[in-house]
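S.K.: Sharing a structure, written as structure tokens. Questions coming.
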Amino acid sequence: MISRSALSRGSQLALRRPAAAKTAQRGFAAAAASPAASYEPTTIAGVKVASRDDSGPTTRLAVVAKAGTRYEPLPGLTVGLEEFAFKNTNKRTALRITRESELLGGQLQAYHTREAVVLQASFLREDLPYFTELLAEVISETKYTTHEFHELVENCIHEKQAKLDSAAIALDAAHNVAFHSGLGSPLYPTVDTPTSSYLNENSVAAFANLAYNKANIAVVADGASQAGLEKWVEPFFKGVPATSSGNLNTAASKYFGGEQRVAKNGKNAIVIAFPGASLGVPHPETSVLVGLLGGVSNIKWSPGFSLLAKATAANPGAEAFAHNYAYSDAGLLAIQITGKGAAVGKVAVEAVKGLKAIAAGGVSKEDLTKAIAKAKFNLLSASEVSGTGLVHAGANLLAGGKPIQVAETLKALEGVTAEKLQAAAKKLLEGKASVSAVGDLHVLPYAEDLGLKV
């Protein structure tokens, strides 16, 4: 049952909603005029905080914890920590958390990356006090009970393991040959990983004690004022430990390169990867190169201008796209191709040919203009569409940097020339690639067949 105090708080918030709605309406014009607002960093009661406010009617609030697979001391602990989010705490049951959040129209989400576990709430902006309190409670007072681990957490992990497809396995393999340990750890343990030897409620609780402290978390808000955060973060996060008794493995990433091939029934996948741009380090050429390589067309009736879109249009049965996976001290620029074996192999060949054409200076002025515009769109839409802006802002704070400055980054993108793009592509091809192939290995080409160094 929801306590009287909780209902009272909800009633007070409800009374304030009309006023908040008027404020939101007044703010829409300002938001439209400045869509590229950057996150503003600060520190509140020892907690790293970043926020930006467009005065809209909704808010996204996230705790970004340095607890991704890169930092887990044993396989499976990161996904175990993710699955324990919003379960029973010392103050509330999981059922109560669900009911209260639904009564306020909120949405709760937990997920992880290679560097972070993210606990996120989306809600009406006047409900900031409730969800700030909830997130602080989840990271400091979750119970990690035996019955929840065996009845809920373990089953969820097994379900996600069963859903791992060729594309996910290939991306993990590319990270593994690129970085070995750390960033090379798989995003999810495979079904063959002996997680039962490492993963239980006690080991997850021990990992939580290492990760959930003020030194290893950042609170990031999209759609909340800094004054509002100062008012509520300080009282609710005061119970979060300042540090932990142990230390996470924070060894610096090192790029190696190499090749890995995995035989598997079903869909085929190839990942061709190179050292990419890391978080907080300006490298606009990489963003424009991703736009030029592209992938799936954004125009329904056209294959699009990008190199990968043209390659897949000429080879039906395959899909491809390029993406830069940015981390705190490294990056991986990956070309990911999936589909039927023969088509995947042909698109891989065309992808490398396209990259070599860029390195030879074969980029037209029109295609460069389109690629720069695509890079700008990717930057500005990242937070609104996928929420990656929240994660990157938090990761930058945890790495000792500051959130990306949008205006500066847009200006840097506009300064990319054909010569700079040519030099960037040439540098990638001169170094060692990281190549993975998953599927019918009789059909899928080796890195040497593609003309790449590994």
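Identifiers for the structure tokens are assigned positionally: chains receive A, B, ... in sequence, residues are indexed from 1 per chain, and ligands are indexed from 1 in the order shown.
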Could you list, as a VMD selection string, every residue within 10 Å of Gly105 of chain A, counting only C-alpha atoms and ignoring same-chain residues fewer than 6 positions away?
M.R.: chain A and resid 99 122 to 124 127
S.K.: Store the residues of this selection in a file with N, CA and C atoms, as an mmCIF file, in the first residue's frame.
M.R.:
```
data_model
loop_
_atom_site.group_PDB
_atom_site.id
_atom_site.type_symbol
_atom_site.label_atom_id
_atom_site.label_comp_id
_atom_site.auth_asym_id
_atom_site.auth_seq_id
_atom_site.Cartn_x
_atom_site.Cartn_y
_atom_site.Cartn_z
ATOM 1 N N ARG A 99 3.935 0.528 -8.786
ATOM 2 C CA ARG A 99 2.629 1.195 -8.675
ATOM 3 C C ARG A 99 2.774 2.696 -8.532
ATOM 4 N N SER A 122 11.925 8.456 -16.729
ATOM 5 C CA SER A 122 11.319 9.496 -17.559
ATOM 6 C C SER A 122 9.959 9.825 -16.957
ATOM 7 N N PHE A 123 9.657 11.129 -16.817
ATOM 8 C CA PHE A 123 8.464 11.503 -16.053
ATOM 9 C C PHE A 123 8.074 12.950 -16.341
ATOM 10 N N LEU A 124 6.911 13.339 -15.841
ATOM 11 C CA LEU A 124 6.479 14.734 -15.911
ATOM 12 C C LEU A 124 7.401 15.564 -15.023
ATOM 13 N N ASP A 127 7.455 16.011 -11.199
ATOM 14 C CA ASP A 127 7.658 14.855 -10.325
ATOM 15 C C ASP A 127 9.142 14.573 -10.066
#
```
S.K.: Write out as a PyMOL selection string each polymer residue whose atoms come within 7 Å of Asn315 of chain A, counting only C-alpha atoms; drop sequence neighbours fewer than 3 positions from it.
M.R.: chain A and resi 311-312+318+343+347
S.K.: List as a list of chain:residue names the protein and nucleic acid residues near Val391 of chain A, meaning an atom at most 10 Å away when only C-alpha atoms are counted, but skip any in the same chain fewer than 3 places from it.
M.R.: A:Ala62, A:Val63, A:Val64, A:Ala65, A:His112, A:Thr113, A:Glu115, A:Ala116, A:Val117, A:Val118, A:Gln120, A:Ala218, A:Val219, A:Val220, A:Ser383, A:Gly387, A:Thr388, A:Gly394, A:Ala395, A:Asn396, A:Leu397, A:Pro403
S.K.: Quick one: distance from atom CA of Gly56 of chain A to atom CA of Arg125 of chain A in Å, one decimal?
M.R.: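 Interatomic distance here is 7.9 Å.
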S.K.: Pick the closest to Ala85 of chain A from A:Ala205, A:Leu199, A:Val47, A:Val296: which is it, counting only C-alpha atoms?
M.R.: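 The closest residue to Ala85 of chain A is A:Ala205.
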S.K.: Would you mind writing down, as number ranges by chain, each residue of segment 141-183 of chain A that DSSP on the backbone assigns to helix (DSSP H, G or I)?
M.R.: A: 141, 146-162, 166-179, 182-183
S.K.: Between A:Leu108, A:Ala170, A:Leu248, A:Leu289, which residue has the minimum interatomic distance to Leu74 of chain A, considering only C-alpha atoms?
M.R.: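 Checking each of A:Leu108, A:Ala170, A:Leu248, A:Leu289 against Leu74 of chain A, counting only C-alpha atoms, the winner is A:Leu248.
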S.K.: Give me the residues near Thr286 of chain A as a PyMOL selection string, where near means some atom within 10 Å (using only C-alpha atoms) and where sequence neighbours in that chain fewer than 3 positions away do not count.
M.R.: chain A and resi 275-277+282-283+289-292+323-324+333+375+413+416+421+424-425
S.K.: I'd like the neighbourhood of Ala251 of chain A as a list in words, where a residue qualifies if any of its atoms comes within 12 Å (using only C-alpha atoms), though same-chain residues fewer than 3 positions away should be ignored.
M.R.: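 Close residues of Ala251 of chain A: Arg70, Tyr71, Phe179, Ser181, Gly182, Leu183, Asn247, Leu248, Lys254, Ser328 and Asp329 of chain A.
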S.K.: Select, from A:Val443, A:Val438, A:Ala252, A:Leu428, the residue with the minimum atom-to-atom distance to Lys356 of chain A, counting only C-alpha atoms.
M.R.: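 Comparing A:Val443, A:Val438, A:Ala252, A:Leu428 against Lys356 of chain A, the winner is A:Leu428.
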S.K.: Calculated over only C-alpha atoms, which of the candidates A:Pro241, A:Gly389, A:Pro445, A:Pro75 has the smallest distance to Val344 of chain A?
M.R.: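 Distance minimum relative to Val344 of chain A lands on A:Pro445.
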S.K.: Fewer than 6 positions away in the same chain doesn't count, so skip those; otherwise give me all residues within 10 Å of segment 147-151 of chain A, counting only C-alpha atoms, as a PyMOL selection string.
M.R.: chain A and resi 80+83-84+87-88+199-202+204
S.K.: I'd like the neighbourhood of Ala273 of chain A as a VMD selection string, where a residue qualifies if any of its atoms comes within 6 Å (using only C-alpha atoms), though same-chain residues fewer than 4 positions away should be ignored.
M.R.: chain A and resid 333 to 334 433 to 434
S.K.: Any idea what the distance is between atom CA of Trp232 of chain A and atom CA of Leu135 of chain A?
M.R.: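 According to the coordinates, atom CA of Trp232 of chain A and atom CA of Leu135 of chain A are separated by 11.5 Å.
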S.K.: Could you tell me which of A:Ala322, A:Ile337, A:Ala342, A:Ala407 comes closest to Val288 of chain A if we count only C-alpha atoms?
M.R.: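 Ranking A:Ala322, A:Ile337, A:Ala342, A:Ala407 by distance to Val288 of chain A, first place goes to A:Ala322.
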S.K.: Just how far from atom CA of Glu126 of chain A is atom CA of Gln226 of chain A, in Å to one decimal?
M.R.: 13.9 Å
S.K.: Taking only C-alpha atoms into account, which of A:Thr89, A:Phe131, A:Gly439, A:His180 comes nearest Thr145 of chain A?
M.R.: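 Going through A:Thr89, A:Phe131, A:Gly439, A:His180 one by one, the smallest distance to Thr145 of chain A is for A:Thr89.
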